[in-house]
Every structure is written in C-alpha cells, then in structure tokens.
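Enquirer: One file: query-v6.cif (mmCIF, C-alpha atoms).
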data_structure
loop_
_atom_site.label_atom_id
_atom_site.label_comp_id
_atom_site.auth_asym_id
_atom_site.auth_seq_id
_atom_site.Cartn_x
_atom_site.Cartn_y
_atom_site.Cartn_z
CA MET A 268 97.90 94.61 125.92
CA ASN A 269 99.82 92.99 123.13
CA GLU A 270 103.21 91.56 124.09
CA SER A 271 104.88 93.52 121.25
CA LEU A 272 104.27 96.70 123.27
CA LEU A 273 107.09 95.65 125.59
CA GLU A 274 109.50 96.93 122.95
CA ILE A 275 108.32 100.53 123.38
CA LEU A 276 107.35 100.60 127.07
CA ARG A 277 109.86 101.82 129.65
CA CYS A 278 109.98 102.45 133.37
CA PRO A 279 108.62 106.01 133.83
CA LEU A 280 111.23 106.66 136.53
CA ASP A 281 114.51 105.76 134.82
CA LYS A 282 113.47 104.80 131.24
CA ALA A 283 114.99 101.33 131.62
CA GLU A 284 113.44 98.30 129.91
CA LEU A 285 110.73 96.24 131.55
CA THR A 286 110.36 92.50 131.88
CA LEU A 287 107.06 90.68 132.09
CA GLU A 288 106.24 88.42 135.04
CA ASP A 289 103.23 86.27 135.96
CA ALA A 290 101.51 86.94 132.63
CA GLU A 291 98.04 85.57 131.95
CA TYR A 292 96.92 85.52 128.34
CA ASP A 293 93.65 85.62 126.44
CA GLY A 294 94.79 84.61 122.96
CA ASP A 295 97.60 87.08 122.07
CA GLU A 296 96.47 89.56 124.70
CA ILE A 297 98.15 89.85 128.07
CA VAL A 298 95.22 90.40 130.43
CA SER A 299 97.14 90.47 133.69
CA GLY A 300 100.67 90.32 134.99
CA THR A 301 103.43 92.53 136.26
CA LEU A 302 106.00 94.66 134.46
CA VAL A 303 109.26 94.90 136.38
CA CYS A 304 111.97 97.49 135.78
CA THR A 305 115.30 95.87 134.91
CA GLU A 306 117.13 98.79 136.57
CA CYS A 307 115.30 99.91 139.71
CA GLY A 308 113.08 96.86 140.25
CA GLU A 309 109.87 98.92 140.50
CA ARG A 310 106.80 96.79 139.74
CA TYR A 311 103.90 97.92 137.54
CA PRO A 312 100.65 95.95 137.42
CA ILE A 313 98.72 94.93 134.30
CA GLU A 314 95.01 94.68 135.12
CA ASP A 315 92.17 93.96 132.68
CA GLY A 316 94.66 94.26 129.84
CA ILE A 317 95.81 97.77 130.83
CA PRO A 318 99.35 98.28 132.16
CA ASN A 319 99.54 100.92 134.88
CA LEU A 320 102.82 102.71 134.26
CA LEU A 321 102.20 105.65 136.55
CA PRO A 322 105.09 106.27 138.94
CA PRO A 323 104.22 104.96 142.42
CA ASP A 324 103.67 108.46 143.82
CA MET A 325 101.04 109.20 141.16
CA ARG A 326 98.98 106.04 141.62
CA GLU A 327 97.21 107.65 144.58
CA GLY A 328 96.14 111.24 145.06
CA THR A 329 94.20 111.59 141.80
CA PRO A 330 90.45 112.17 141.83
CA ALA A 331 88.20 109.13 142.15
CA MET B 34 78.76 127.90 134.54
CA ASP B 35 81.60 125.60 135.41
CA LEU B 36 83.76 123.57 133.07
CA ALA B 37 81.72 120.38 133.27
CA GLU B 38 78.50 122.22 132.46
CA ARG B 39 80.16 123.93 129.55
CA ARG B 40 81.24 120.59 128.13
CA GLY B 41 78.23 118.41 129.00
CA LEU B 42 77.24 116.16 131.85
CA GLU B 43 79.82 113.40 131.67
CA THR B 44 82.02 113.74 134.76
CA GLU B 45 84.56 110.94 134.39
CA VAL B 46 85.76 110.84 130.76
CA TYR B 47 85.91 113.70 128.26
CA GLN B 48 83.72 112.79 125.29
CA PRO B 49 84.52 113.66 121.66
CA ALA B 50 83.77 117.33 120.91
CA GLU B 51 84.72 119.94 118.28
CA ASP B 52 88.38 119.83 119.29
CA SER B 53 88.50 116.03 118.93
CA HIS B 54 86.96 116.24 115.44
CA VAL B 55 89.38 118.93 114.26
CA LEU B 56 92.39 117.02 115.55
CA ALA B 57 91.21 113.70 114.10
CA SER B 58 90.68 115.28 110.67
CA VAL B 59 94.22 116.65 110.55
CA CYS B 60 95.60 113.31 111.75
CA GLY B 61 93.76 111.61 108.89
CA GLU B 62 95.54 113.91 106.42
CA ARG B 63 99.03 113.91 107.95
CA LEU B 64 99.53 110.35 109.24
CA GLU B 65 100.16 107.24 107.15
CA ASP B 66 99.99 103.48 107.13
CA GLY B 67 103.05 101.97 108.79
CA MET B 68 103.61 104.82 111.26
CA VAL B 69 103.74 104.17 115.00
CA VAL B 70 101.70 106.86 116.73
CA LEU B 71 101.21 107.82 120.38
CA GLU B 72 98.05 109.63 121.42
CA VAL B 73 98.65 111.33 124.76
CA GLY B 74 95.48 111.86 126.82
CA THR B 75 93.47 109.54 124.62
CA GLY B 76 90.32 109.92 126.77
CA SER B 77 87.43 108.07 125.15
CA GLY B 78 89.81 106.76 122.47
CA TYR B 79 87.87 108.49 119.69
CA VAL B 80 90.84 110.18 117.98
CA ALA B 81 93.06 107.09 118.31
CA GLU B 82 90.37 104.89 116.77
CA ARG B 83 89.89 107.30 113.86
CA ILE B 84 93.63 107.42 113.17
CA GLU B 85 93.76 103.63 113.06
CA THR B 86 90.77 103.23 110.77
CA GLU B 87 91.54 106.18 108.47
CA THR B 88 95.31 105.79 108.08
CA GLY B 89 96.26 102.23 109.03
CA ALA B 90 98.88 103.59 111.46
CA THR B 91 99.54 101.65 114.66
CA VAL B 92 98.27 103.74 117.57
CA VAL B 93 98.98 103.51 121.27
CA GLY B 94 96.88 105.63 123.64
CA ALA B 95 97.99 106.87 127.04
CA ASP B 96 95.90 108.45 129.76
CA LEU B 97 96.18 109.28 133.46
CA ASN B 98 92.52 108.55 134.04
CA PRO B 99 91.63 104.90 134.69
CA HIS B 100 88.06 105.41 133.44
CA ALA B 101 89.39 106.82 130.17
CA CYS B 102 91.73 103.85 129.83
CA GLU B 103 88.75 101.50 130.17
CA GLN B 104 86.66 103.41 127.60
CA ALA B 105 89.50 103.56 125.09
CA ARG B 106 90.17 99.86 125.49
CA GLU B 107 86.48 99.09 124.93
CA ARG B 108 86.84 100.94 121.62
CA GLY B 109 89.67 98.60 120.70
CA VAL B 110 92.51 101.06 121.33
CA GLU B 111 95.76 99.68 122.79
CA VAL B 112 96.02 101.76 125.95
CA ILE B 113 98.54 102.42 128.70
CA ARG B 114 97.80 104.19 131.97
CA GLY B 115 100.57 106.71 132.28
CA ASP B 116 101.65 110.34 132.51
CA LEU B 117 102.14 112.05 129.11
CA HIS B 118 105.06 110.36 127.26
CA GLU B 119 106.89 109.22 130.42
CA PRO B 120 106.45 105.41 130.08
CA PHE B 121 107.81 105.13 126.52
CA GLY B 122 111.25 104.53 125.04
CA ASP B 123 113.45 107.01 123.21
CA GLY B 124 112.79 107.67 119.53
CA VAL B 125 109.97 105.16 119.10
CA PHE B 126 107.13 107.26 117.65
CA ASP B 127 106.72 108.64 114.13
CA ALA B 128 104.06 110.95 115.50
CA VAL B 129 102.71 112.05 118.87
CA VAL B 130 99.18 113.47 118.92
CA PHE B 131 97.70 115.44 121.83
CA ASN B 132 94.41 117.20 122.51
CA PRO B 133 95.52 118.62 125.85
CA PRO B 134 93.66 120.05 128.82
CA TYR B 135 93.90 123.66 127.72
CA LEU B 136 91.32 125.82 129.46
CA PRO B 137 92.70 128.55 131.72
CA VAL B 138 90.97 128.09 135.07
CA ASP B 139 90.56 130.08 138.21
CA PRO B 140 92.25 128.01 140.95
CA GLU B 141 89.51 128.99 143.40
CA ALA B 142 86.77 127.58 141.15
CA THR B 143 88.33 124.22 140.43
CA ARG B 144 86.57 120.92 141.00
CA ASP B 145 88.28 117.79 142.20
CA ASP B 146 87.27 115.24 139.58
CA TRP B 147 88.55 113.62 136.40
CA MET B 148 86.76 116.10 134.12
CA GLU B 149 88.75 118.87 135.76
CA VAL B 150 91.94 116.97 134.95
CA ALA B 151 90.77 116.55 131.35
CA LEU B 152 90.02 120.26 130.87
CA SER B 153 92.20 122.38 133.10
CA GLY B 154 95.47 123.81 131.86
CA GLY B 155 96.09 125.72 135.07
CA ASP B 156 95.84 129.50 135.32
CA THR B 157 97.51 130.09 131.93
CA GLY B 158 95.85 127.12 130.19
CA ARG B 159 99.34 126.01 129.17
CA GLU B 160 100.64 124.08 132.17
CA VAL B 161 100.06 120.59 130.76
CA ILE B 162 101.05 121.64 127.22
CA GLU B 163 104.37 122.96 128.55
CA ALA B 164 105.07 119.77 130.52
CA PHE B 165 104.28 117.80 127.35
CA LEU B 166 106.55 119.90 125.10
CA THR B 167 109.42 119.75 127.58
CA GLY B 168 109.82 116.00 127.12
CA VAL B 169 108.10 114.93 123.91
CA GLY B 170 111.26 115.26 121.79
CA ARG B 171 112.74 112.26 123.62
CA VAL B 172 110.14 109.78 122.33
CA LEU B 173 110.02 111.09 118.74
CA ALA B 174 111.81 109.30 115.92
CA PRO B 175 114.32 111.47 113.98
CA ASP B 176 111.71 112.59 111.43
CA GLY B 177 108.85 112.46 113.92
CA VAL B 178 106.14 115.09 114.24
CA VAL B 179 103.81 116.34 116.95
CA LEU B 180 100.19 117.22 116.15
CA LEU B 181 98.96 119.42 118.99
CA LEU B 182 95.54 121.00 119.33
CA VAL B 183 95.67 124.55 120.71
CA SER B 184 92.78 126.93 121.41
CA SER B 185 92.74 130.69 121.07
CA LEU B 186 91.79 130.61 124.79
CA THR B 187 95.20 129.08 125.49
CA GLY B 188 97.28 131.30 123.23
CA VAL B 189 98.66 129.83 120.02
CA GLU B 190 101.60 132.27 119.77
CA GLU B 191 102.70 131.53 123.33
CA VAL B 192 102.66 127.78 122.62
CA VAL B 193 104.67 128.20 119.40
CA GLU B 194 107.21 130.32 121.26
CA PHE B 195 107.54 127.78 124.08
CA ALA B 196 107.92 124.91 121.59
CA GLY B 197 110.64 126.92 119.83
CA GLU B 198 112.63 127.01 123.05
CA TYR B 199 112.71 123.20 122.90
CA GLY B 200 113.91 123.13 119.30
CA PHE B 201 110.58 122.75 117.51
CA SER B 202 109.49 124.47 114.31
CA ALA B 203 105.74 124.93 113.95
CA ALA B 204 103.09 125.25 111.26
CA ALA B 205 99.31 125.48 111.58
CA ARG B 206 97.55 122.63 109.75
CA ALA B 207 93.98 123.67 110.61
CA ASP B 208 92.17 126.71 112.00
CA GLU B 209 88.46 126.44 112.80
CA SER B 210 86.30 129.02 114.53
CA PHE B 211 83.66 128.13 117.09
CA PRO B 212 81.47 130.39 119.25
CA PHE B 213 83.89 130.61 122.20
CA GLU B 214 87.25 129.91 120.60
CA THR B 215 89.29 129.23 117.49
CA LEU B 216 90.90 125.81 117.39
CA THR B 217 94.29 125.38 115.73
CA VAL B 218 96.18 122.17 115.07
CA LEU B 219 99.92 122.80 115.20
CA GLU B 220 102.36 120.47 113.53
CA LEU B 221 105.72 120.59 115.33
CA TRP B 222 108.98 119.08 114.19
CA GLN B 223 112.61 119.22 115.30
#
Go ahead and express the file in the form of structure tokens.

Expert:
Amino acid sequence: MNESLLEILRCPLDKAELTLEDAEYDGDEIVSGTLVCTECGERYPIEDGIPNLLPPDMREGTPA
Amino acid sequence: MDLAERRGLETEVYQPAEDSHVLASVCGERLEDGMVVLEVGTGSGYVAERIETETGATVVGADLNPHACEQARERGVEVIRGDLHEPFGDGVFDAVVFNPPYLPVDPEATRDDWMEVALSGGDTGREVIEAFLTGVGRVLAPDGVVLLLVSSLTGVEEVVEFAGEYGFSAAARADESFPFETLTVLELWQ
C-alpha cells in the first residue's frame, strides 16, 4: 500500500486515525507493518502490501 | 444448478461477468480524473482497473476475501481487506462503486465458500446492499455519488425505496437485459 492511504484509512471499530508501526518498504510501497488505532489501540497487520482492516471478530470464521 | 455452476468454475474469486462490464461502462461515463473512488467488493479488481485507466480517477478497492485482495493487487489496484466502507474516514470519497452479492438464495442450499460470499444476498438478495446503504453516506464527500449495480432478481424498486429511507435520490444510468435478469446501474446521491 502507498503511505498516502493513511489519510483515508480508519479503525473499523471506532473510526479513529491509524498510525503506522514497523513499516518495511519496497520503494514507495509499504509491504509490511502494523496499523495501530490511536483511540482503542487495536492492531491491524499489513501483509504482502495489503492492510487487513477487518475487525478482530471477522478475521476468523470466514470460508477458507 | 448451484450458484457456482451458474457463474463458472472459479470457486475463490468472482471473475468479471456481464454485471462487471455494465458497471464499468457506467463508471467510465460518470467518473472523472481527479476523483477519489472506492470500489467496495472489488473482487478480481477488473472494475477498479477500468475506472483508473478510462477516467484517471484514483481508485481504492476493498474486499472481505483475501484471495480477491491478492488478485486485485496483482492487477495493480490499491486494495484494502475490509468490510464494505467500514475502514475509511468520513467524507473522503467522490464516488463509491459497488457490484454487490445480489442473488436471493435458499438458506438450505448455501455453500460455505468465498464464491457464496461473492454471490449471495441472503433470502431477499438485498441483505448486503442494505448493510452497504445504511453506512455509505458517512464516507461520501458532500457532492459524492454511489454507483450501485442492481439486478431484476434483487428488486430495483425495493433498493431505491430503501436508499430513499437513508436520504438518497436515485436515477438509473443503465439498463441491460440478459437471459436470466435485467441489470440496472443506479446512481444515488444525497
């Protein structure tokens, strides 16, 4: 993901802003890291360039 | 014949079909360079890619399905794994585009795979559309629009009525007939 996306991404739970931690870059692309909610502290992983912003209770329980 | 057989053999990610083409064509006419656009349920990323190449708009795709996220990213689409419009800020999109899961399905005949998630709109066909319409106004910019694909199988009038309850006006921007359904693209605005 491009770092500019941080401006439009929010925590799905409380719509608060997210901060980026432990980012690894490939050029301008963030390929891995963690997005952390500035309000509730929930942590959302970025893997293979794709942030997973599903609420924790939706990360499991979907078909394989 | 179950849903997957009706729509081909792919079982993980919905591939571009008539509905995708109809929606992408309307997007090409209605969206412009400089807009910031969200495609909910981007799937293979086909519609998002066409919007980017045909209009110059900046497009972000979102999908629940991790396999879809991978395919869309391989196409060059900026993609977020998320539920509908939930992980986005208030008022950030000039347009939100959605080809939803819209087929009414018999709960006893459902399959437990990603294609089911991509196709099934619950017993009315409108369950995901209604969840989408309930919250999409939050992420739209003041003059923002929604471009929503609706099938005659789902009920266009019912969708327009539901959208009206959430403050949206509606106009049909395309109507195309196919053997099993008529596909309509609704433009919605507040």

Enquirer: Using all atoms listed in the file, tabulate the residues of chain A lying at most 8 Å from any atom of chain B, each with its closest atom pair and that distance in Å to one decimal, by chain and increasing residue number, as JSON lines.

Expert:
{"residue": "A:Met268", "atom": "CA", "partner": "B:Glu111", "partner_atom": "CA", "distance": 6.3}
{"residue": "A:Asn269", "atom": "CA", "partner": "B:Glu111", "partner_atom": "CA", "distance": 7.8}
{"residue": "A:Ile275", "atom": "CA", "partner": "B:Gly122", "partner_atom": "CA", "distance": 5.2}
{"residue": "A:Leu276", "atom": "CA", "partner": "B:Phe121", "partner_atom": "CA", "distance": 4.6}
{"residue": "A:Arg277", "atom": "CA", "partner": "B:Pro120", "partner_atom": "CA", "distance": 5.0}
{"residue": "A:Cys278", "atom": "CA", "partner": "B:Pro120", "partner_atom": "CA", "distance": 5.7}
{"residue": "A:Pro279", "atom": "CA", "partner": "B:Pro120", "partner_atom": "CA", "distance": 4.4}
{"residue": "A:Leu280", "atom": "CA", "partner": "B:Glu119", "partner_atom": "CA", "distance": 7.9}
{"residue": "A:Lys282", "atom": "CA", "partner": "B:Gly122", "partner_atom": "CA", "distance": 6.6}
{"residue": "A:Ile317", "atom": "CA", "partner": "B:Ile113", "partner_atom": "CA", "distance": 5.8}
{"residue": "A:Pro318", "atom": "CA", "partner": "B:Ile113", "partner_atom": "CA", "distance": 5.5}
{"residue": "A:Asn319", "atom": "CA", "partner": "B:Arg114", "partner_atom": "CA", "distance": 4.7}
{"residue": "A:Leu320", "atom": "CA", "partner": "B:Gly115", "partner_atom": "CA", "distance": 5.0}
{"residue": "A:Leu321", "atom": "CA", "partner": "B:Gly115", "partner_atom": "CA", "distance": 4.7}
{"residue": "A:Pro330", "atom": "CA", "partner": "B:Asp146", "partner_atom": "CA", "distance": 5.0}
{"residue": "A:Ala331", "atom": "CA", "partner": "B:Asp146", "partner_atom": "CA", "distance": 6.7}

Enquirer: Quick one, how far is CA of Val189 (chain B) from CA of Thr215 (chain B)?

Expert: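 CA of Val189 (chain B) sits 9.7 Å away from CA of Thr215 (chain B).
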
Enquirer: Have a look at CA of Ala128 (chain B) and CA of Ser184 (chain B) and let me know their distance in Å, one decimal.

Expert: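 Atom-to-atom, CA of Ala128 (chain B) to CA of Ser184 (chain B), that is 20.4 Å.
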
Enquirer: May I ask for the distance between CA of Thr75 (chain B) and CA of Phe195 (chain B), given in Å to one decimal place?

Expert: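 Distance reported for this atom pair: 23.0 Å.
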
Enquirer: Between B:Ser77, B:Tyr47, B:Ser53, B:Gly109, which has the minimum distance to Gly316 (chain A) (counting only C-alpha atoms)?

Expert: B:Gly109

Enquirer: Can you tell me, as a ChimeraX atom specification, what residues are no more than 10 Å from Leu302 (chain A) when counting only C-alpha atoms, ignoring any on the same chain fewer than 5 positions away?

Expert: /A:273,276-278,284-290,308-313,318-320

Enquirer: Find the spatial neighbours of Pro137 (chain B), counting only C-alpha atoms, within a cut-off of 7 Å - ignore same-chain residues fewer than 6 positions away - and output them as an MDAnalysis selection string.

Expert: chainID B and resid 153:158 187

Enquirer: Can those selected residues be exported to a file as an mmCIF file, keeping the file's coordinate frame so that it contains C-alpha atoms?

Expert:
data_model
loop_
_atom_site.group_PDB
_atom_site.id
_atom_site.type_symbol
_atom_site.label_atom_id
_atom_site.label_comp_id
_atom_site.auth_asym_id
_atom_site.auth_seq_id
_atom_site.Cartn_x
_atom_site.Cartn_y
_atom_site.Cartn_z
ATOM 1 C CA SER B 153 92.200 122.380 133.100
ATOM 2 C CA GLY B 154 95.470 123.810 131.860
ATOM 3 C CA GLY B 155 96.090 125.720 135.070
ATOM 4 C CA ASP B 156 95.840 129.500 135.320
ATOM 5 C CA THR B 157 97.510 130.090 131.930
ATOM 6 C CA GLY B 158 95.850 127.120 130.190
ATOM 7 C CA THR B 187 95.200 129.080 125.490
#

Enquirer: Let me have the centre and edge lengths in Å, one decimal, of the box along x, y and z around every listed atom of region 59-63 of chain B with 4 Å of margin on each side, as JSON.

Expert:
{"center_x": 96.4, "center_y": 114.1, "center_z": 109.1, "size_x": 13.3, "size_y": 13.0, "size_z": 13.3}

Enquirer: Take region 283-294 of chain A, bring it up to all heavy atoms, and give me the output as a PDB file, in the coordinates of the input.

Expert:
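Written file, selection.pdb:
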ATOM      1  N   ALA A 283     114.392 102.633 131.892  1.00  0.00           N
ATOM      2  CA  ALA A 283     114.990 101.330 131.620  1.00  0.00           C
ATOM      3  C   ALA A 283     113.927 100.368 131.077  1.00  0.00           C
ATOM      4  O   ALA A 283     112.720 100.608 131.208  1.00  0.00           O
ATOM      5  CB  ALA A 283     115.608 100.762 132.902  1.00  0.00           C
ATOM      6  N   GLU A 284     114.374  99.279 130.469  1.00  0.00           N
ATOM      7  CA  GLU A 284     113.440  98.300 129.910  1.00  0.00           C
ATOM      8  C   GLU A 284     112.706  97.552 131.015  1.00  0.00           C
ATOM      9  O   GLU A 284     113.145  97.504 132.159  1.00  0.00           O
ATOM     10  CB  GLU A 284     114.208  97.326 129.003  1.00  0.00           C
ATOM     11  CG  GLU A 284     114.727  98.021 127.761  1.00  0.00           C
ATOM     12  CD  GLU A 284     115.336  97.052 126.752  1.00  0.00           C
ATOM     13  OE1 GLU A 284     115.108  95.839 126.873  1.00  0.00           O
ATOM     14  OE2 GLU A 284     116.041  97.534 125.857  1.00  0.00           O
ATOM     15  N   LEU A 285     111.582  96.968 130.611  1.00  0.00           N
ATOM     16  CA  LEU A 285     110.730  96.240 131.550  1.00  0.00           C
ATOM     17  C   LEU A 285     110.676  94.775 131.169  1.00  0.00           C
ATOM     18  O   LEU A 285     110.707  94.446 129.986  1.00  0.00           O
ATOM     19  CB  LEU A 285     109.305  96.829 131.515  1.00  0.00           C
ATOM     20  CG  LEU A 285     109.198  98.323 131.851  1.00  0.00           C
ATOM     21  CD1 LEU A 285     107.833  98.865 131.433  1.00  0.00           C
ATOM     22  CD2 LEU A 285     109.410  98.546 133.352  1.00  0.00           C
ATOM     23  N   THR A 286     110.594  93.913 132.164  1.00  0.00           N
ATOM     24  CA  THR A 286     110.360  92.500 131.880  1.00  0.00           C
ATOM     25  C   THR A 286     108.993  92.111 132.407  1.00  0.00           C
ATOM     26  O   THR A 286     108.483  92.694 133.366  1.00  0.00           O
ATOM     27  CB  THR A 286     111.414  91.587 132.528  1.00  0.00           C
ATOM     28  OG1 THR A 286     111.477  91.884 133.925  1.00  0.00           O
ATOM     29  CG2 THR A 286     112.778  91.806 131.904  1.00  0.00           C
ATOM     30  N   LEU A 287     108.411  91.115 131.764  1.00  0.00           N
ATOM     31  CA  LEU A 287     107.060  90.680 132.090  1.00  0.00           C
ATOM     32  C   LEU A 287     107.115  89.481 133.023  1.00  0.00           C
ATOM     33  O   LEU A 287     107.816  88.503 132.754  1.00  0.00           O
ATOM     34  CB  LEU A 287     106.353  90.324 130.774  1.00  0.00           C
ATOM     35  CG  LEU A 287     104.933  89.789 130.850  1.00  0.00           C
ATOM     36  CD1 LEU A 287     103.981  90.824 131.428  1.00  0.00           C
ATOM     37  CD2 LEU A 287     104.468  89.374 129.455  1.00  0.00           C
ATOM     38  N   GLU A 288     106.348  89.561 134.118  1.00  0.00           N
ATOM     39  CA  GLU A 288     106.240  88.420 135.040  1.00  0.00           C
ATOM     40  C   GLU A 288     104.782  88.056 135.254  1.00  0.00           C
ATOM     41  O   GLU A 288     103.899  88.901 135.152  1.00  0.00           O
ATOM     42  CB  GLU A 288     106.860  88.789 136.412  1.00  0.00           C
ATOM     43  CG  GLU A 288     108.366  88.987 136.366  1.00  0.00           C
ATOM     44  CD  GLU A 288     108.959  89.261 137.754  1.00  0.00           C
ATOM     45  OE1 GLU A 288     108.204  89.221 138.750  1.00  0.00           O
ATOM     46  OE2 GLU A 288     110.174  89.528 137.811  1.00  0.00           O
ATOM     47  N   ASP A 289     104.564  86.771 135.568  1.00  0.00           N
ATOM     48  CA  ASP A 289     103.230  86.270 135.960  1.00  0.00           C
ATOM     49  C   ASP A 289     102.145  86.603 134.939  1.00  0.00           C
ATOM     50  O   ASP A 289     101.013  86.942 135.315  1.00  0.00           O
ATOM     51  CB  ASP A 289     102.805  86.852 137.333  1.00  0.00           C
ATOM     52  CG  ASP A 289     103.869  86.655 138.398  1.00  0.00           C
ATOM     53  OD1 ASP A 289     104.511  85.596 138.372  1.00  0.00           O
ATOM     54  OD2 ASP A 289     104.052  87.556 139.235  1.00  0.00           O
ATOM     55  N   ALA A 290     102.481  86.531 133.644  1.00  0.00           N
ATOM     56  CA  ALA A 290     101.510  86.940 132.630  1.00  0.00           C
ATOM     57  C   ALA A 290     100.394  85.908 132.465  1.00  0.00           C
ATOM     58  O   ALA A 290     100.635  84.704 132.468  1.00  0.00           O
ATOM     59  CB  ALA A 290     102.216  87.151 131.298  1.00  0.00           C
ATOM     60  N   GLU A 291      99.170  86.406 132.338  1.00  0.00           N
ATOM     61  CA  GLU A 291      98.040  85.570 131.950  1.00  0.00           C
ATOM     62  C   GLU A 291      97.524  86.087 130.619  1.00  0.00           C
ATOM     63  O   GLU A 291      97.352  87.289 130.443  1.00  0.00           O
ATOM     64  CB  GLU A 291      96.947  85.607 133.020  1.00  0.00           C
ATOM     65  CG  GLU A 291      97.361  84.878 134.276  1.00  0.00           C
ATOM     66  CD  GLU A 291      96.265  84.856 135.327  1.00  0.00           C
ATOM     67  OE1 GLU A 291      95.071  84.938 134.949  1.00  0.00           O
ATOM     68  OE2 GLU A 291      96.618  84.796 136.512  1.00  0.00           O
ATOM     69  N   TYR A 292      97.277  85.141 129.713  1.00  0.00           N
ATOM     70  CA  TYR A 292      96.920  85.520 128.340  1.00  0.00           C
ATOM     71  C   TYR A 292      95.482  85.174 128.016  1.00  0.00           C
ATOM     72  O   TYR A 292      94.912  84.217 128.543  1.00  0.00           O
ATOM     73  CB  TYR A 292      97.832  84.770 127.354  1.00  0.00           C
ATOM     74  CG  TYR A 292      99.275  85.196 127.380  1.00  0.00           C
ATOM     75  CD1 TYR A 292     100.157  84.682 128.338  1.00  0.00           C
ATOM     76  CD2 TYR A 292      99.771  86.101 126.447  1.00  0.00           C
ATOM     77  CE1 TYR A 292     101.487  85.067 128.362  1.00  0.00           C
ATOM     78  CE2 TYR A 292     101.104  86.489 126.471  1.00  0.00           C
ATOM     79  CZ  TYR A 292     101.957  85.969 127.422  1.00  0.00           C
ATOM     80  OH  TYR A 292     103.272  86.349 127.441  1.00  0.00           O
ATOM     81  N   ASP A 293      94.906  85.967 127.096  1.00  0.00           N
ATOM     82  CA  ASP A 293      93.650  85.620 126.440  1.00  0.00           C
ATOM     83  C   ASP A 293      93.959  85.720 124.948  1.00  0.00           C
ATOM     84  O   ASP A 293      93.960  86.812 124.389  1.00  0.00           O
ATOM     85  CB  ASP A 293      92.540  86.595 126.853  1.00  0.00           C
ATOM     86  CG  ASP A 293      91.227  86.276 126.157  1.00  0.00           C
ATOM     87  OD1 ASP A 293      91.151  85.256 125.460  1.00  0.00           O
ATOM     88  OD2 ASP A 293      90.277  87.073 126.301  1.00  0.00           O
ATOM     89  N   GLY A 294      94.280  84.580 124.320  1.00  0.00           N
ATOM     90  CA  GLY A 294      94.790  84.610 122.960  1.00  0.00           C
ATOM     91  C   GLY A 294      96.156  85.293 122.960  1.00  0.00           C
ATOM     92  O   GLY A 294      97.033  84.914 123.736  1.00  0.00           O
TER      93      GLY A 294
END
